[in-house]
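Q: Here it is: the structure, laid out below.
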Amino acid sequence: MKKYILVPVLAALSFSGLVAQDFDTDPVVKIQNDDVKFTVGARMMADVAYYHSDFTPVKSGAALTDARIRTSMSYKDWYFYADFDFSKGKFAQKNIFLQYALEGLRGTHLFKAGYYNNPASMANNTSRGSLHFISRAAPVNAMSPGRELGFSYIFYNDHFFANQGVFAENMYNDQIAGFQGVTFGGRWLWRPVNNENHTFHIGANFRYANIATGEVYNNTLQTNYTIGTSLETYVDPTKQFVTATMPWAKNVFDVGAELLYKNDNFFIRGEYMYKYVTKERDDQTLFEANLGSIDSWGSLESWQKGNPLGSNQFHGGYVEAGYKIFGKAYGYSNSEGLLKGLDGQALEIVARYSYVGLNDIVDGERYVLGRDQYYPDGVLADYPATSLSIGGGNMHSATLGINYAFNKFAQIMLSYTYNNLDRDKFAYDENFHTVQARLMFQF
């Protein structure tokens with residue numbers, strides 16, 4: 001009887017002062033009988049950061065950047081998981097899914113449905129509590145998919161890992177107009193070396209998204225697709241410096257490659273990401289909507305020449321490494337194909353280089369700041385009325401950090417990041433320096 005009375009009591013204690021982690025540690029609060037196991041976990045991340053920029057200010061300060069409650073329930077081969085975020089004074093739904101496991105031919109088979117990360121990324125599928133850096137790399141933030149509503153099939157054994165699924169492009173189906181788009185994502189790994197002391201994997205990922213949500217503009221549906229990243233920090237998470245918006249986006253293709261090596265005291269891993277965006281619009285309807293107005297054109301062909309439409313492509317990548325000075329050996333998850341976080345008292349130093357390229361500028365076009373637009377030869381003109389160029393910004397980033405775990409629950413992280421920006425819209429901003437620290441507690 002006492003076993004069941006404890007469930008609401010422990011849950012209340014968790015909500016009152018502690019916060020949940022994703023998949024980083026096995027929660028210490030467990031209630032179970034012969035068939036059912038119930039867990040409650042928590043996580044808190046408090047960050048402080050100081051920024052120095054050339055011209056445009058970035059807001060230094062402190063913030064509660066993560067504050068979660070985690071719950072899970074296991075029954076035989078079934079597993080249910082849910083966690084919710086309360087940081088920044090707002091409630092946000094994070095992961096919530098149901099999973100069924102089947103031990104079968106040549107390995108383990110998992111069937112998963114709910115709201116969780118699209119598999120087409122290594123870094124974005126690594127929980128923040130297992131990261132060895134305060135922020136994920138800029139190209140991951142800008143170009144990798146996040147959580148989506150869908151269904152996945154996962155297979156793994158010691159040497160192979162395959163995770164693929166179908167997802168809704170808009171999880172709540174709450175778009176202003178249009179239809180709920182669909183995406184497919186997958187991640188596939190080969191582990192030629194995988195034992196207690198050494199793991200090496202190499203892999204590829206792919207994602208396709210059909211953009212079908214938007215708003216009505218001149219009697220036609222206008223879709224928009226936006227990508228961007230912060231300066232690898234969460235205290236001021238602004239994306240104004242590196243961001244790209246593409247009206248009339250229709251299809252998004254993401255292709256990536258990754259590798260990871262780890263031994264007991266060292267790890268190195270990296271990803272390359274490529275994104276290709278096609279566009280589609282109803283030119284005839286838009287042309288007819290402008291007839292008789294100041295924006296009227298003589299023919300559909302002349303309107304199309306004055307309003308060109310083309311595809312865009314972007315790329316980026318990162319490489320990061322860590323060396324553990326003391327503590328338990330680095331761990332690796334076969335079931336997720338991911339490096340684990342620090343486990344128990346440990347001290348490590350880490351380094352990372354990343355690049356994100358969101359500039360896709362047509363040769364010969366020049367940017368005019370007053371109109372925030374690109375023009376051929378930099379000449380202000382009403383023809384063409386739009387440009388194919390996207391000046392979202394290119395950014396190189398380098399980070400050095402040191403992390404100390406007091407135990408398996410509490411950890412501090414310190415880092416310095418240098419960002420070098422190349423973007424026409426911020427011509428006076430080139431160098432950004434960030435010193436930041438984090439206190440993390442999770443159970």
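Identifiers in the structure tokens: chain A, B, ... in order shown; residue index from 1 per chain; ligand index from 1 in order shown.
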Do a neighbour search on Gln345 (chain A) at 6 Å with only C-alpha atoms, toss out local chain neighbours closer than 3 positions, and write the hits as a ChimeraX atom specification.

A: /A:327,405-407

Q: Applying 9 Å and only C-alpha atoms, which residues near Thr243 (chain A) remain after dropping the ones on its own chain fewer than 5 positions away? List them as a PyMOL selection string.

A: chain A and resi 142+226-230+358+391-393

Q: Got time to write the residues from that selection, N, CA and C atoms, as a short mmCIF file (atom, residue, chain, number, x, y, z; two decimals), in the first residue's frame?

A:
```
data_model
loop_
_atom_site.label_atom_id
_atom_site.label_comp_id
_atom_site.auth_asym_id
_atom_site.auth_seq_id
_atom_site.Cartn_x
_atom_site.Cartn_y
_atom_site.Cartn_z
N ALA A 142 21.01 25.48 -36.68
CA ALA A 142 20.41 26.11 -37.85
C ALA A 142 19.79 25.11 -38.82
N THR A 226 12.08 29.10 -42.53
CA THR A 226 13.12 29.90 -41.89
C THR A 226 14.07 28.99 -41.12
N ILE A 227 15.36 29.25 -41.25
CA ILE A 227 16.37 28.55 -40.47
C ILE A 227 17.31 29.59 -39.86
N GLY A 228 17.91 29.27 -38.72
CA GLY A 228 18.81 30.22 -38.07
C GLY A 228 19.42 29.61 -36.83
N THR A 229 20.37 30.33 -36.25
CA THR A 229 21.06 29.85 -35.06
C THR A 229 21.47 31.00 -34.17
N SER A 230 21.63 30.70 -32.89
CA SER A 230 22.19 31.66 -31.95
C SER A 230 23.71 31.63 -32.08
N LEU A 358 24.93 30.15 -44.35
CA LEU A 358 23.57 30.48 -44.79
C LEU A 358 23.58 31.61 -45.82
N GLY A 391 21.08 36.13 -48.02
CA GLY A 391 22.24 36.52 -47.23
C GLY A 391 22.03 36.23 -45.76
N GLY A 392 21.92 34.97 -45.42
CA GLY A 392 21.64 34.59 -44.03
C GLY A 392 22.83 34.65 -43.11
N GLY A 393 24.05 34.71 -43.69
CA GLY A 393 25.26 34.81 -42.88
C GLY A 393 26.07 33.53 -42.84
#
```

Q: Within 7 Å of region 209-225 of chain A, counting only C-alpha atoms, which residues show up once you throw out same-chain ones fewer than 3 positions away? Write them as a PyMOL selection string, please.

A: chain A and resi 169+175-184+245-253+282+285-286+289

Q: Write out as a list in words the residues lying within 10 Å of Phe206 (chain A), counting only C-alpha atoms and excluding same-chain residues fewer than 6 positions away.

A: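 Returned residues: Pro119, Ala120, Ser121, Gln164, Phe184, Gly185, Gly186, Arg187, Trp188, Phe253, Asp254, Val255, Gly256, Ala257, Met273, Tyr274 and Lys275 of chain A.
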
Q: Those selected residues, please, written with C-alpha atoms and delivered as a CSV table (one decimal), in the first residue's frame.

A:
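Result file is part.csv:
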```
chain,number,residue,atom,x,y,z
A,119,PRO,CA,16.4,10.9,-36.3
A,120,ALA,CA,18.3,12.8,-39.1
A,121,SER,CA,21.0,14.2,-36.8
A,164,GLN,CA,13.9,5.9,-39.8
A,184,PHE,CA,10.7,11.5,-43.6
A,185,GLY,CA,13.9,11.2,-41.6
A,186,GLY,CA,16.5,8.5,-41.1
A,187,ARG,CA,20.0,7.9,-39.6
A,188,TRP,CA,22.1,4.8,-40.4
A,253,PHE,CA,16.2,17.9,-48.6
A,254,ASP,CA,18.8,17.4,-45.8
A,255,VAL,CA,21.8,15.1,-46.4
A,256,GLY,CA,24.4,14.5,-43.8
A,257,ALA,CA,27.4,12.4,-42.8
A,273,MET,CA,25.2,18.9,-43.2
A,274,TYR,CA,23.8,20.0,-46.6
A,275,LYS,CA,20.4,21.5,-47.1
```

Q: Among region 33-91 of chain A, which ones does DSSP place in strand (DSSP E), written as an MDAnalysis selection string?

A: chainID A and resid 36:53 61:75 78:85

Q: Those same residues, written as a short mmCIF file (atom, residue, chain, number, x, y, z; two decimals), in the first residue's frame with N, CA and C atoms?

A:
```
data_model
loop_
_atom_site.label_atom_id
_atom_site.label_comp_id
_atom_site.auth_asym_id
_atom_site.auth_seq_id
_atom_site.Cartn_x
_atom_site.Cartn_y
_atom_site.Cartn_z
N VAL A 36 5.11 -3.45 -13.45
CA VAL A 36 5.16 -2.03 -13.82
C VAL A 36 6.27 -1.32 -13.07
N LYS A 37 6.99 -0.48 -13.80
CA LYS A 37 8.04 0.36 -13.21
C LYS A 37 7.73 1.82 -13.56
N PHE A 38 7.67 2.66 -12.55
CA PHE A 38 7.38 4.09 -12.73
C PHE A 38 8.57 4.89 -12.21
N THR A 39 9.01 5.90 -12.97
CA THR A 39 10.14 6.73 -12.56
C THR A 39 9.79 8.20 -12.64
N VAL A 40 10.46 8.99 -11.79
CA VAL A 40 10.37 10.44 -11.83
C VAL A 40 11.79 11.00 -11.83
N GLY A 41 12.09 11.91 -12.74
CA GLY A 41 13.41 12.52 -12.80
C GLY A 41 13.30 14.02 -12.94
N ALA A 42 14.43 14.70 -12.85
CA ALA A 42 14.41 16.15 -12.89
C ALA A 42 15.72 16.69 -13.41
N ARG A 43 15.69 17.91 -13.98
CA ARG A 43 16.91 18.57 -14.45
C ARG A 43 16.78 20.07 -14.37
N MET A 44 17.88 20.73 -13.99
CA MET A 44 17.96 22.19 -13.98
C MET A 44 19.28 22.61 -14.61
N MET A 45 19.23 23.65 -15.45
CA MET A 45 20.43 24.27 -16.01
C MET A 45 20.33 25.78 -15.82
N ALA A 46 21.29 26.34 -15.12
CA ALA A 46 21.36 27.80 -14.92
C ALA A 46 22.65 28.30 -15.56
N ASP A 47 22.52 29.24 -16.51
CA ASP A 47 23.66 29.74 -17.27
C ASP A 47 23.92 31.20 -16.96
N VAL A 48 25.19 31.59 -17.04
CA VAL A 48 25.59 33.00 -16.98
C VAL A 48 26.55 33.22 -18.12
N ALA A 49 26.45 34.38 -18.81
CA ALA A 49 27.28 34.62 -19.98
C ALA A 49 27.63 36.09 -20.10
N TYR A 50 28.85 36.33 -20.59
CA TYR A 50 29.30 37.68 -20.92
C TYR A 50 29.66 37.71 -22.41
N TYR A 51 29.10 38.71 -23.14
CA TYR A 51 29.33 38.82 -24.58
C TYR A 51 30.06 40.13 -24.90
N HIS A 52 30.94 40.05 -25.89
CA HIS A 52 31.59 41.25 -26.42
C HIS A 52 31.49 41.21 -27.95
N SER A 53 30.91 42.26 -28.53
CA SER A 53 30.72 42.31 -29.98
C SER A 53 31.31 43.60 -30.53
N GLY A 61 24.24 38.34 -19.23
CA GLY A 61 23.40 38.15 -18.05
C GLY A 61 23.34 36.69 -17.64
N ALA A 62 22.27 36.36 -16.93
CA ALA A 62 22.06 35.00 -16.43
C ALA A 62 20.64 34.56 -16.77
N ALA A 63 20.45 33.26 -16.91
CA ALA A 63 19.12 32.74 -17.25
C ALA A 63 18.99 31.30 -16.81
N LEU A 64 17.77 30.93 -16.46
CA LEU A 64 17.44 29.53 -16.22
C LEU A 64 17.10 28.94 -17.59
N THR A 65 18.04 28.24 -18.20
CA THR A 65 17.90 27.82 -19.59
C THR A 65 17.25 26.46 -19.77
N ASP A 66 17.12 25.70 -18.70
CA ASP A 66 16.43 24.42 -18.80
C ASP A 66 15.91 24.05 -17.42
N ALA A 67 14.66 23.60 -17.37
CA ALA A 67 14.05 23.21 -16.10
C ALA A 67 12.94 22.22 -16.41
N ARG A 68 13.19 20.95 -16.15
CA ARG A 68 12.28 19.92 -16.65
C ARG A 68 11.84 18.93 -15.58
N ILE A 69 10.68 18.35 -15.87
CA ILE A 69 10.17 17.21 -15.13
C ILE A 69 10.09 16.03 -16.10
N ARG A 70 10.61 14.89 -15.68
CA ARG A 70 10.54 13.69 -16.51
C ARG A 70 9.77 12.60 -15.78
N THR A 71 8.93 11.90 -16.52
CA THR A 71 8.27 10.72 -15.98
C THR A 71 8.32 9.61 -17.02
N SER A 72 8.33 8.38 -16.55
CA SER A 72 8.29 7.26 -17.48
C SER A 72 7.60 6.07 -16.81
N MET A 73 7.10 5.18 -17.65
CA MET A 73 6.49 3.96 -17.14
C MET A 73 6.86 2.81 -18.07
N SER A 74 7.27 1.69 -17.49
CA SER A 74 7.60 0.50 -18.26
C SER A 74 6.66 -0.64 -17.86
N TYR A 75 6.18 -1.36 -18.86
CA TYR A 75 5.36 -2.56 -18.62
C TYR A 75 5.78 -3.62 -19.62
N TRP A 78 6.82 -2.71 -23.18
CA TRP A 78 6.28 -1.38 -23.51
C TRP A 78 6.95 -0.33 -22.63
N TYR A 79 7.18 0.84 -23.23
CA TYR A 79 7.82 1.94 -22.50
C TYR A 79 7.16 3.26 -22.90
N PHE A 80 6.72 4.02 -21.90
CA PHE A 80 6.14 5.35 -22.13
C PHE A 80 7.01 6.40 -21.46
N TYR A 81 7.25 7.49 -22.15
CA TYR A 81 8.12 8.55 -21.63
C TYR A 81 7.50 9.91 -21.91
N ALA A 82 7.64 10.84 -20.96
CA ALA A 82 7.18 12.22 -21.16
C ALA A 82 8.03 13.15 -20.32
N ASP A 83 8.41 14.29 -20.91
CA ASP A 83 9.06 15.33 -20.10
C ASP A 83 8.61 16.70 -20.58
N PHE A 84 8.61 17.66 -19.64
CA PHE A 84 8.05 18.98 -19.87
C PHE A 84 8.99 20.03 -19.30
N ASP A 85 9.08 21.15 -20.00
CA ASP A 85 10.03 22.21 -19.66
C ASP A 85 9.29 23.39 -19.04
#
```

Q: Would you pick out the contacts of region 311-324 of chain A at 7 Å or less, using only C-alpha atoms, so that residues sharing its chain but fewer than 3 positions from it are not included, and give the list as a count of residues only?

A: 30

Q: So that I can check the surroundings of Arg147 (chain A), please list as a list in words every protein, DNA and RNA residue that reaches within 8 Å of it, counting only C-alpha atoms and ignoring chain neighbours fewer than 4 positions away.

A: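 What passes the distance filter is Lys94, Asn95, Tyr115, Tyr116, Asn117 and Asn118 of chain A.
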
Q: Would you mind exporting N, CA, C and O atoms of the selected residues as a tab-separated table (two decimals), in the first residue's frame?

A:
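What landed in selection_36.tsv:
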```
chain	number	residue	atom	x	y	z
A	94	LYS	N	7.97	18.80	-24.34
A	94	LYS	CA	9.19	18.29	-24.95
A	94	LYS	C	8.88	16.89	-25.51
A	94	LYS	O	8.01	16.74	-26.33
A	95	ASN	N	9.61	15.88	-25.04
A	95	ASN	CA	9.39	14.53	-25.57
A	95	ASN	C	8.18	13.88	-24.93
A	95	ASN	O	7.97	13.98	-23.72
A	115	TYR	N	5.94	12.25	-29.98
A	115	TYR	CA	6.61	13.52	-30.27
A	115	TYR	C	8.03	13.42	-29.74
A	115	TYR	O	8.25	13.30	-28.53
A	116	TYR	N	9.00	13.49	-30.62
A	116	TYR	CA	10.41	13.30	-30.26
A	116	TYR	C	11.26	13.79	-31.43
A	116	TYR	O	10.73	14.20	-32.48
A	117	ASN	N	12.58	13.73	-31.29
A	117	ASN	CA	13.46	14.25	-32.32
A	117	ASN	C	13.43	13.41	-33.58
A	117	ASN	O	13.52	12.18	-33.54
A	118	ASN	N	13.34	14.10	-34.72
A	118	ASN	CA	13.55	13.45	-36.00
A	118	ASN	C	14.95	12.83	-35.98
A	118	ASN	O	15.90	13.46	-35.51
```
